[in-house]
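Chemist: PDB, N, CA and C atoms, file my_file.pdb:
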```
MODEL        1
ATOM      1  N   MET Q1140       0.821  -1.190   0.000
ATOM      2  CA  MET Q1140       0.000   0.000   0.000
ATOM      3  C   MET Q1140       0.865   1.254   0.000
ATOM      4  N   GLY Q1141       2.157   1.107   0.192
ATOM      5  CA  GLY Q1141       3.048   2.249   0.259
ATOM      6  C   GLY Q1141       3.046   3.099  -0.990
ATOM      7  N   GLY Q1142       2.938   2.465  -2.175
ATOM      8  CA  GLY Q1142       2.930   3.216  -3.424
ATOM      9  C   GLY Q1142       1.700   4.082  -3.587
ATOM     10  N   CYS Q1143       0.616   3.714  -2.941
ATOM     11  CA  CYS Q1143      -0.641   4.459  -3.058
ATOM     12  C   CYS Q1143      -0.519   5.860  -2.480
ATOM     13  N   SER Q1144       0.161   5.976  -1.370
ATOM     14  CA  SER Q1144       0.233   7.275  -0.697
ATOM     15  C   SER Q1144       0.914   8.321  -1.569
ATOM     16  N   PHE Q1145       1.862   7.914  -2.408
ATOM     17  CA  PHE Q1145       2.527   8.851  -3.329
ATOM     18  C   PHE Q1145       1.491   9.556  -4.196
ATOM     19  N   TYR Q1146       0.555   8.777  -4.760
ATOM     20  CA  TYR Q1146      -0.462   9.352  -5.627
ATOM     21  C   TYR Q1146      -1.420  10.232  -4.848
ATOM     22  N   VAL Q1147      -1.830   9.776  -3.692
ATOM     23  CA  VAL Q1147      -2.793  10.533  -2.886
ATOM     24  C   VAL Q1147      -2.209  11.880  -2.487
ATOM     25  N   TYR Q1148      -0.983  11.889  -2.014
ATOM     26  CA  TYR Q1148      -0.375  13.148  -1.575
ATOM     27  C   TYR Q1148      -0.179  14.107  -2.742
ATOM     28  N   ASN Q1149       0.132  13.605  -3.927
ATOM     29  CA  ASN Q1149       0.321  14.480  -5.086
ATOM     30  C   ASN Q1149      -0.996  15.013  -5.632
ATOM     31  N   ILE Q1150      -2.082  14.288  -5.443
ATOM     32  CA  ILE Q1150      -3.391  14.765  -5.887
ATOM     33  C   ILE Q1150      -3.793  16.003  -5.093
ATOM     34  N   ALA Q1151      -3.263  16.149  -3.895
ATOM     35  CA  ALA Q1151      -3.579  17.305  -3.062
ATOM     36  C   ALA Q1151      -3.209  18.614  -3.761
ATOM     37  N   TYR Q1152      -2.264  18.560  -4.704
ATOM     38  CA  TYR Q1152      -1.833  19.765  -5.400
ATOM     39  C   TYR Q1152      -2.730  20.129  -6.575
ATOM     40  N   LEU Q1153      -3.629  19.233  -6.979
ATOM     41  CA  LEU Q1153      -4.552  19.529  -8.055
ATOM     42  C   LEU Q1153      -5.674  20.413  -7.539
ATOM     43  N   SER Q1154      -6.175  21.246  -8.403
ATOM     44  CA  SER Q1154      -7.284  22.122  -8.018
ATOM     45  C   SER Q1154      -8.570  21.541  -8.592
ATOM     46  N   LEU Q1155      -9.204  20.637  -7.830
ATOM     47  CA  LEU Q1155     -10.415  19.967  -8.286
ATOM     48  C   LEU Q1155     -11.543  20.199  -7.297
ATOM     49  N   ASP Q1156     -12.774  20.201  -7.811
ATOM     50  CA  ASP Q1156     -13.912  20.307  -6.904
ATOM     51  C   ASP Q1156     -14.103  18.966  -6.205
ATOM     52  N   CYS Q1157     -14.948  18.972  -5.203
ATOM     53  CA  CYS Q1157     -15.114  17.801  -4.337
ATOM     54  C   CYS Q1157     -15.612  16.574  -5.103
ATOM     55  N   ASN Q1158     -16.603  16.734  -5.976
ATOM     56  CA  ASN Q1158     -17.129  15.592  -6.730
ATOM     57  C   ASN Q1158     -16.062  14.997  -7.645
ATOM     58  N   SER Q1159     -15.266  15.846  -8.273
ATOM     59  CA  SER Q1159     -14.190  15.362  -9.146
ATOM     60  C   SER Q1159     -13.142  14.607  -8.341
ATOM     61  N   LEU Q1160     -12.812  15.130  -7.155
ATOM     62  CA  LEU Q1160     -11.854  14.438  -6.286
ATOM     63  C   LEU Q1160     -12.374  13.064  -5.888
ATOM     64  N   PHE Q1161     -13.646  13.002  -5.510
ATOM     65  CA  PHE Q1161     -14.236  11.734  -5.100
ATOM     66  C   PHE Q1161     -14.183  10.723  -6.248
ATOM     67  N   CYS Q1162     -14.570  11.146  -7.451
ATOM     68  CA  CYS Q1162     -14.527  10.255  -8.618
ATOM     69  C   CYS Q1162     -13.102   9.813  -8.915
ATOM     70  N   LEU Q1163     -12.163  10.742  -8.806
ATOM     71  CA  LEU Q1163     -10.764  10.414  -9.050
ATOM     72  C   LEU Q1163     -10.268   9.359  -8.068
ATOM     73  N   PHE Q1164     -10.622   9.504  -6.799
ATOM     74  CA  PHE Q1164     -10.181   8.523  -5.803
ATOM     75  C   PHE Q1164     -10.859   7.172  -5.989
ATOM     76  N   MET Q1165     -12.109   7.168  -6.430
ATOM     77  CA  MET Q1165     -12.774   5.897  -6.709
ATOM     78  C   MET Q1165     -12.066   5.173  -7.857
ATOM     79  N   CYS Q1166     -11.726   5.910  -8.914
ATOM     80  CA  CYS Q1166     -10.993   5.322 -10.047
ATOM     81  C   CYS Q1166      -9.608   4.863  -9.611
ATOM     82  N   LEU Q1167      -8.963   5.659  -8.792
ATOM     83  CA  LEU Q1167      -7.636   5.306  -8.296
ATOM     84  C   LEU Q1167      -7.690   4.043  -7.448
ATOM     85  N   ALA Q1168      -8.715   3.915  -6.621
ATOM     86  CA  ALA Q1168      -8.864   2.710  -5.801
ATOM     87  C   ALA Q1168      -9.046   1.482  -6.683
ATOM     88  N   LEU Q1169      -9.852   1.613  -7.722
ATOM     89  CA  LEU Q1169     -10.056   0.499  -8.645
ATOM     90  C   LEU Q1169      -8.751   0.145  -9.355
ATOM     91  N   PHE Q1170      -8.015   1.170  -9.779
ATOM     92  CA  PHE Q1170      -6.720   0.944 -10.421
ATOM     93  C   PHE Q1170      -5.760   0.218  -9.476
ATOM     94  N   PHE Q1171      -5.696   0.678  -8.232
ATOM     95  CA  PHE Q1171      -4.800   0.033  -7.261
ATOM     96  C   PHE Q1171      -5.198  -1.416  -7.017
ATOM     97  N   TYR Q1172      -6.498  -1.675  -7.002
ATOM     98  CA  TYR Q1172      -6.970  -3.048  -6.803
ATOM     99  C   TYR Q1172      -6.590  -3.921  -8.006
ATOM    100  N   GLU Q1173      -6.826  -3.402  -9.208
ATOM    101  CA  GLU Q1173      -6.542  -4.167 -10.423
ATOM    102  C   GLU Q1173      -5.046  -4.443 -10.594
ATOM    103  N   THR Q1174      -4.216  -3.520 -10.176
ATOM    104  CA  THR Q1174      -2.770  -3.692 -10.345
ATOM    105  C   THR Q1174      -2.100  -4.380  -9.164
ATOM    106  N   GLY Q1175      -2.854  -4.630  -8.093
ATOM    107  CA  GLY Q1175      -2.306  -5.355  -6.962
ATOM    108  C   GLY Q1175      -1.704  -4.493  -5.866
ATOM    109  N   TYR Q1176      -1.734  -3.149  -6.029
ATOM    110  CA  TYR Q1176      -1.260  -2.284  -4.940
ATOM    111  C   TYR Q1176      -2.108  -2.504  -3.685
ATOM    112  N   ILE Q1177      -3.397  -2.693  -3.914
ATOM    113  CA  ILE Q1177      -4.338  -2.964  -2.827
ATOM    114  C   ILE Q1177      -4.923  -4.340  -3.093
ATOM    115  N   SER Q1178      -4.737  -5.260  -2.157
ATOM    116  CA  SER Q1178      -5.213  -6.619  -2.430
ATOM    117  C   SER Q1178      -6.189  -7.143  -1.376
ATOM    118  N   THR Q1179      -6.350  -6.415  -0.286
ATOM    119  CA  THR Q1179      -7.259  -6.891   0.754
ATOM    120  C   THR Q1179      -8.245  -5.786   1.132
ATOM    121  N   LEU Q1180      -9.324  -6.184   1.766
ATOM    122  CA  LEU Q1180     -10.307  -5.221   2.243
ATOM    123  C   LEU Q1180      -9.685  -4.275   3.269
ATOM    124  N   HIS Q1181      -8.805  -4.805   4.091
ATOM    125  CA  HIS Q1181      -8.125  -3.978   5.100
ATOM    126  C   HIS Q1181      -7.306  -2.870   4.420
ATOM    127  N   GLU Q1182      -6.593  -3.207   3.352
ATOM    128  CA  GLU Q1182      -5.809  -2.197   2.630
ATOM    129  C   GLU Q1182      -6.716  -1.161   1.964
ATOM    130  N   MET Q1183      -7.872  -1.605   1.440
ATOM    131  CA  MET Q1183      -8.811  -0.679   0.811
ATOM    132  C   MET Q1183      -9.362   0.291   1.851
ATOM    133  N   LYS Q1184      -9.706  -0.214   3.037
ATOM    134  CA  LYS Q1184     -10.193   0.658   4.112
ATOM    135  C   LYS Q1184      -9.103   1.652   4.522
ATOM    136  N   ALA Q1185      -7.864   1.178   4.601
ATOM    137  CA  ALA Q1185      -6.752   2.064   4.969
ATOM    138  C   ALA Q1185      -6.582   3.163   3.924
ATOM    139  N   PHE Q1186      -6.729   2.811   2.652
ATOM    140  CA  PHE Q1186      -6.617   3.791   1.576
ATOM    141  C   PHE Q1186      -7.674   4.882   1.730
ATOM    142  N   PHE Q1187      -8.934   4.470   1.918
ATOM    143  CA  PHE Q1187      -9.999   5.463   2.022
ATOM    144  C   PHE Q1187      -9.935   6.239   3.332
ATOM    145  N   THR Q1188      -9.425   5.643   4.382
ATOM    146  CA  THR Q1188      -9.222   6.380   5.630
ATOM    147  C   THR Q1188      -8.196   7.491   5.401
ATOM    148  N   MET Q1189      -7.120   7.162   4.689
ATOM    149  CA  MET Q1189      -6.091   8.154   4.381
ATOM    150  C   MET Q1189      -6.682   9.278   3.529
ATOM    151  N   VAL Q1190      -7.472   8.930   2.534
ATOM    152  CA  VAL Q1190      -8.085   9.926   1.655
ATOM    153  C   VAL Q1190      -9.020  10.837   2.454
ATOM    154  N   ARG Q1191      -9.861  10.233   3.306
ATOM    155  CA  ARG Q1191     -10.819  11.035   4.066
ATOM    156  C   ARG Q1191     -10.128  11.945   5.072
ATOM    157  N   GLU Q1192      -8.997  11.523   5.614
ATOM    158  CA  GLU Q1192      -8.257  12.382   6.551
ATOM    159  C   GLU Q1192      -7.575  13.536   5.830
ATOM    160  N   LEU Q1193      -7.060  13.280   4.632
ATOM    161  CA  LEU Q1193      -6.363  14.322   3.879
ATOM    162  C   LEU Q1193      -7.323  15.313   3.222
ATOM    163  N   PHE Q1194      -8.504  14.836   2.882
ATOM    164  CA  PHE Q1194      -9.467  15.674   2.177
ATOM    165  C   PHE Q1194     -10.795  15.675   2.931
ATOM    166  N   PRO Q1195     -10.928  16.521   3.951
ATOM    167  CA  PRO Q1195     -12.149  16.544   4.755
ATOM    168  C   PRO Q1195     -13.396  16.864   3.929
ATOM    169  N   GLU Q1196     -13.218  17.573   2.812
ATOM    170  CA  GLU Q1196     -14.382  17.888   1.988
ATOM    171  C   GLU Q1196     -14.994  16.628   1.372
ATOM    172  N   ILE Q1197     -14.173  15.609   1.124
ATOM    173  CA  ILE Q1197     -14.701  14.341   0.620
ATOM    174  C   ILE Q1197     -15.498  13.654   1.729
ATOM    175  N   ASP Q1198     -14.988  13.695   2.934
ATOM    176  CA  ASP Q1198     -15.708  13.113   4.060
ATOM    177  C   ASP Q1198     -17.064  13.805   4.235
ATOM    178  N   THR Q1199     -17.079  15.127   4.089
ATOM    179  CA  THR Q1199     -18.327  15.886   4.188
ATOM    180  C   THR Q1199     -19.290  15.487   3.080
ATOM    181  N   LEU Q1200     -18.765  15.296   1.872
ATOM    182  CA  LEU Q1200     -19.596  14.877   0.748
ATOM    183  C   LEU Q1200     -20.221  13.509   1.017
ATOM    184  N   ILE Q1201     -19.428  12.579   1.521
ATOM    185  CA  ILE Q1201     -19.923  11.237   1.812
ATOM    186  C   ILE Q1201     -21.022  11.302   2.866
ATOM    187  N   ARG Q1202     -20.799  12.077   3.924
ATOM    188  CA  ARG Q1202     -21.813  12.213   4.969
ATOM    189  C   ARG Q1202     -23.092  12.851   4.424
ATOM    190  N   SER Q1203     -22.935  13.842   3.557
ATOM    191  CA  SER Q1203     -24.086  14.522   2.962
ATOM    192  C   SER Q1203     -24.891  13.565   2.089
ATOM    193  N   GLU Q1204     -24.193  12.757   1.300
ATOM    194  CA  GLU Q1204     -24.871  11.785   0.437
ATOM    195  C   GLU Q1204     -25.639  10.770   1.280
ATOM    196  N   ARG Q1205     -25.036  10.309   2.363
ATOM    197  CA  ARG Q1205     -25.718   9.368   3.256
ATOM    198  C   ARG Q1205     -26.956   9.995   3.874
ATOM    199  N   HIS Q1206     -26.809  11.255   4.298
ATOM    200  CA  HIS Q1206     -27.927  11.948   4.926
ATOM    201  C   HIS Q1206     -29.076  12.092   3.935
ATOM    202  N   ASP Q1207     -28.766  12.459   2.693
ATOM    203  CA  ASP Q1207     -29.803  12.600   1.669
ATOM    204  C   ASP Q1207     -30.499  11.270   1.409
ATOM    205  N   ALA Q1208     -29.729  10.196   1.346
ATOM    206  CA  ALA Q1208     -30.310   8.867   1.122
ATOM    207  C   ALA Q1208     -31.200   8.460   2.296
ATOM    208  N   ASP Q1209     -30.776   8.769   3.514
ATOM    209  CA  ASP Q1209     -31.581   8.451   4.695
ATOM    210  C   ASP Q1209     -32.886   9.256   4.701
ATOM    211  N   ARG Q1210     -32.813  10.513   4.284
ATOM    212  CA  ARG Q1210     -34.034  11.337   4.200
ATOM    213  C   ARG Q1210     -35.002  10.748   3.177
ATOM    214  N   GLU Q1211     -34.483  10.299   2.042
ATOM    215  CA  GLU Q1211     -35.342   9.706   1.016
ATOM    216  C   GLU Q1211     -36.002   8.429   1.534
ATOM    217  N   THR Q1212     -35.238   7.625   2.262
ATOM    218  CA  THR Q1212     -35.798   6.404   2.843
ATOM    219  C   THR Q1212     -36.913   6.749   3.818
ATOM    220  N   ALA Q1213     -36.650   7.693   4.702
ATOM    221  CA  ALA Q1213     -37.660   8.097   5.686
ATOM    222  C   ALA Q1213     -38.896   8.667   4.990
ATOM    223  N   GLU Q1214     -38.690   9.441   3.953
ATOM    224  CA  GLU Q1214     -39.818  10.026   3.222
ATOM    225  C   GLU Q1214     -40.688   8.923   2.598
ATOM    226  N   ARG Q1215     -40.066   7.912   2.020
ATOM    227  CA  ARG Q1215     -40.835   6.797   1.446
ATOM    228  C   ARG Q1215     -41.630   6.066   2.526
ATOM    229  N   LEU Q1216     -40.998   5.853   3.678
ATOM    230  CA  LEU Q1216     -41.687   5.165   4.774
ATOM    231  C   LEU Q1216     -42.861   5.986   5.297
ATOM    232  N   ILE Q1217     -42.676   7.289   5.388
ATOM    233  CA  ILE Q1217     -43.757   8.169   5.851
ATOM    234  C   ILE Q1217     -44.907   8.143   4.846
ATOM    235  N   LYS Q1218     -44.587   8.203   3.554
ATOM    236  CA  LYS Q1218     -45.627   8.193   2.519
ATOM    237  C   LYS Q1218     -46.449   6.914   2.565
ATOM    238  N   LYS Q1219     -45.805   5.792   2.871
ATOM    239  CA  LYS Q1219     -46.539   4.523   2.954
ATOM    240  C   LYS Q1219     -47.541   4.542   4.105
ATOM    241  N   GLY Q1220     -47.205   5.261   5.167
ATOM    242  CA  GLY Q1220     -48.121   5.423   6.288
ATOM    243  C   GLY Q1220     -48.343   4.182   7.131
ATOM    244  N   LYS Q1221     -47.452   3.221   7.035
ATOM    245  CA  LYS Q1221     -47.636   1.974   7.776
ATOM    246  C   LYS Q1221     -46.789   1.900   9.042
ATOM    247  N   MET Q1222     -45.937   2.907   9.239
ATOM    248  CA  MET Q1222     -45.057   2.900  10.405
ATOM    249  C   MET Q1222     -45.211   4.200  11.173
ATOM    250  N   THR Q1223     -45.014   4.117  12.476
ATOM    251  CA  THR Q1223     -45.016   5.328  13.294
ATOM    252  C   THR Q1223     -43.659   6.017  13.125
ATOM    253  N   LEU Q1224     -43.590   7.280  13.514
ATOM    254  CA  LEU Q1224     -42.306   7.990  13.462
ATOM    255  C   LEU Q1224     -41.273   7.330  14.372
ATOM    256  N   GLU Q1225     -41.731   6.763  15.476
ATOM    257  CA  GLU Q1225     -40.814   6.076  16.389
ATOM    258  C   GLU Q1225     -40.170   4.875  15.697
ATOM    259  N   ASP Q1226     -40.983   4.127  14.928
ATOM    260  CA  ASP Q1226     -40.445   2.978  14.196
ATOM    261  C   ASP Q1226     -39.484   3.423  13.092
ATOM    262  N   ILE Q1227     -39.847   4.492  12.403
ATOM    263  CA  ILE Q1227     -38.982   5.011  11.340
ATOM    264  C   ILE Q1227     -37.666   5.499  11.939
ATOM    265  N   ALA Q1228     -37.733   6.122  13.108
ATOM    266  CA  ALA Q1228     -36.513   6.601  13.780
ATOM    267  C   ALA Q1228     -35.565   5.439  14.092
ATOM    268  N   GLU Q1229     -36.132   4.275  14.407
ATOM    269  CA  GLU Q1229     -35.293   3.098  14.655
ATOM    270  C   GLU Q1229     -34.648   2.594  13.375
ATOM    271  N   CYS Q1230     -35.372   2.714  12.255
ATOM    272  CA  CYS Q1230     -34.851   2.251  10.964
ATOM    273  C   CYS Q1230     -33.845   3.224  10.354
ATOM    274  N   VAL Q1231     -34.000   4.497  10.661
ATOM    275  CA  VAL Q1231     -33.130   5.540  10.098
ATOM    276  C   VAL Q1231     -32.573   6.363  11.261
ATOM    277  N   PRO Q1232     -31.647   5.794  12.039
ATOM    278  CA  PRO Q1232     -31.178   6.473  13.249
ATOM    279  C   PRO Q1232     -30.343   7.735  12.999
ATOM    280  N   SER Q1233     -29.917   7.939  11.767
ATOM    281  CA  SER Q1233     -29.098   9.128  11.500
ATOM    282  C   SER Q1233     -29.927  10.407  11.480
ATOM    283  N   LEU Q1234     -31.255  10.279  11.368
ATOM    284  CA  LEU Q1234     -32.117  11.454  11.383
ATOM    285  C   LEU Q1234     -32.687  11.663  12.776
ATOM    286  N   SER Q1235     -32.699  12.906  13.220
ATOM    287  CA  SER Q1235     -33.269  13.207  14.535
ATOM    288  C   SER Q1235     -34.792  13.088  14.464
ATOM    289  N   PHE Q1236     -35.389  12.917  15.625
ATOM    290  CA  PHE Q1236     -36.854  12.806  15.666
ATOM    291  C   PHE Q1236     -37.496  14.107  15.189
ATOM    292  N   ASP Q1237     -36.875  15.249  15.525
ATOM    293  CA  ASP Q1237     -37.400  16.537  15.055
ATOM    294  C   ASP Q1237     -37.345  16.624  13.534
ATOM    295  N   GLU Q1238     -36.266  16.121  12.963
ATOM    296  CA  GLU Q1238     -36.139  16.139  11.508
ATOM    297  C   GLU Q1238     -37.199  15.236  10.860
ATOM    298  N   LEU Q1239     -37.488  14.117  11.494
ATOM    299  CA  LEU Q1239     -38.542  13.233  10.994
ATOM    300  C   LEU Q1239     -39.911  13.907  11.061
ATOM    301  N   ARG Q1240     -40.162  14.638  12.142
ATOM    302  CA  ARG Q1240     -41.432  15.362  12.262
ATOM    303  C   ARG Q1240     -41.569  16.421  11.168
ATOM    304  N   GLU Q1241     -40.467  17.143  10.914
ATOM    305  CA  GLU Q1241     -40.479  18.157   9.847
ATOM    306  C   GLU Q1241     -40.730  17.503   8.485
ATOM    307  N   LEU Q1242     -40.086  16.375   8.263
ATOM    308  CA  LEU Q1242     -40.246  15.660   7.001
ATOM    309  C   LEU Q1242     -41.686  15.158   6.857
ATOM    310  N   GLU Q1243     -42.265  14.676   7.949
ATOM    311  CA  GLU Q1243     -43.643  14.227   7.916
ATOM    312  C   GLU Q1243     -44.580  15.394   7.559
ATOM    313  N   ALA Q1244     -44.322  16.561   8.143
ATOM    314  CA  ALA Q1244     -45.142  17.743   7.849
ATOM    315  C   ALA Q1244     -45.026  18.117   6.363
ATOM    316  N   GLU Q1245     -43.833  18.050   5.813
ATOM    317  CA  GLU Q1245     -43.622  18.353   4.396
ATOM    318  C   GLU Q1245     -44.383  17.361   3.514
ATOM    319  N   VAL Q1246     -44.298  16.091   3.854
ATOM    320  CA  VAL Q1246     -44.966  15.048   3.070
ATOM    321  C   VAL Q1246     -46.474  15.228   3.124
ATOM    322  N   MET Q1247     -47.006  15.511   4.306
ATOM    323  CA  MET Q1247     -48.458  15.698   4.460
ATOM    324  C   MET Q1247     -48.936  16.932   3.723
ATOM    325  N   GLN Q1248     -48.097  17.961   3.656
ATOM    326  CA  GLN Q1248     -48.463  19.183   2.952
ATOM    327  C   GLN Q1248     -48.562  18.929   1.447
ATOM    328  N   LEU Q1249     -47.675  18.080   0.935
ATOM    329  CA  LEU Q1249     -47.666  17.790  -0.495
ATOM    330  C   LEU Q1249     -48.775  16.824  -0.887
ATOM    331  N   ALA Q1250     -49.296  16.075   0.077
ATOM    332  CA  ALA Q1250     -50.319  15.064  -0.230
ATOM    333  C   ALA Q1250     -51.691  15.650  -0.428
TER
ENDMDL
END
```
Let's see the structure in the file written out as structure tokens.
Modeler:
Amino acid sequence: MGGCSFYVYNIAYLSLDCNSLFCLFMCLALFFYETGYISTLHEMKAFFTMVRELFPEIDTLIRSERHDADRETAERLIKKGKMTLEDIAECVPSLSFDELRELEAEVMQLA
């Protein structure tokens, strides 16, 4: 995995937006896997840990994408109307109960 860090540290000098950086690192991870630089799941996790520590904006992007996906899941569950907010909160723990209430109000307003 030592050769990987050379590429990661040099990418820091490129002036790329967050989405481009994320795509570049995904391609780089695939390249490292295909060429044998990274051969185990542990090495892949170490690679992405290094990337997320060096580029906090990528970590923020990943968290934002997860949050958006969790909101969409909660919205679908609310629309179905078969679960209480308490049950949905257990299924989607990343959203606060207040956020679920706000989302429920938005969904009911659109219905």
Chemist: With all atoms listed in the file as the counted atoms, please give the residues lying no more than 8 Å from segment 1211-1215 of chain Q, apart from itself and same-chain residues fewer than 6 positions off, as a ChimeraX atom specification.
Modeler: /Q:1205,1221,1227-1228,1230-1231,1239,1242-1243,1246
Chemist: DSSP on the backbone: what in chain Q comes out helix (DSSP H, G or I), as an MDAnalysis selection string?
Modeler: chainID Q and resid 1141:1150 1157:1174 1180:1193 1195:1219 1224:1230 1236:1249
Chemist: So how many Å separate atom CA of Glu1238 of chain Q and atom C of Phe1194 of chain Q, to one decimal?
Modeler: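 Atom CA of Glu1238 of chain Q sits 26.8 Å away from atom C of Phe1194 of chain Q.
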Chemist: To one decimal place in Å, what is the distance between atom CA of Gly1220 of chain Q and atom CA of Arg1240 of chain Q?
Modeler: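 Atom CA of Arg1240 of chain Q lies at a distance of 13.4 Å from atom CA of Gly1220 of chain Q.
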Chemist: May I ask which of the residues Q:Lys1184, Q:Phe1236, Q:Ala1244, Q:Glu1196 is the closest one to Leu1224 of chain Q, counting all atoms listed in the file?
Modeler: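 Nearest candidate to Leu1224 of chain Q out of Q:Lys1184, Q:Phe1236, Q:Ala1244, Q:Glu1196: Q:Phe1236.
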Chemist: Please measure the separation of atom CA of Met1247 of chain Q and atom CA of Ser1233 of chain Q, giving the value in Å to one decimal.
Modeler: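 Separation between atom CA of Met1247 of chain Q and atom CA of Ser1233 of chain Q: 21.6 Å.
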Chemist: With distances taken over only C-alpha atoms, which residue among Q:Leu1169, Q:Ile1177, Q:Leu1163, Q:Leu1234 lies nearest His1206 of chain Q?
Modeler: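 Ranking Q:Leu1169, Q:Ile1177, Q:Leu1163, Q:Leu1234 by distance to His1206 of chain Q, first place goes to Q:Leu1234.
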Chemist: Ranking Q:Val1190, Q:Met1222, Q:Ala1208, Q:Leu1249 by minimum distance to Ala1168 of chain Q and counting only C-alpha atoms, which one comes first?
Modeler: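 Among Q:Val1190, Q:Met1222, Q:Ala1208, Q:Leu1249, it is Q:Val1190 that comes nearest to Ala1168 of chain Q.
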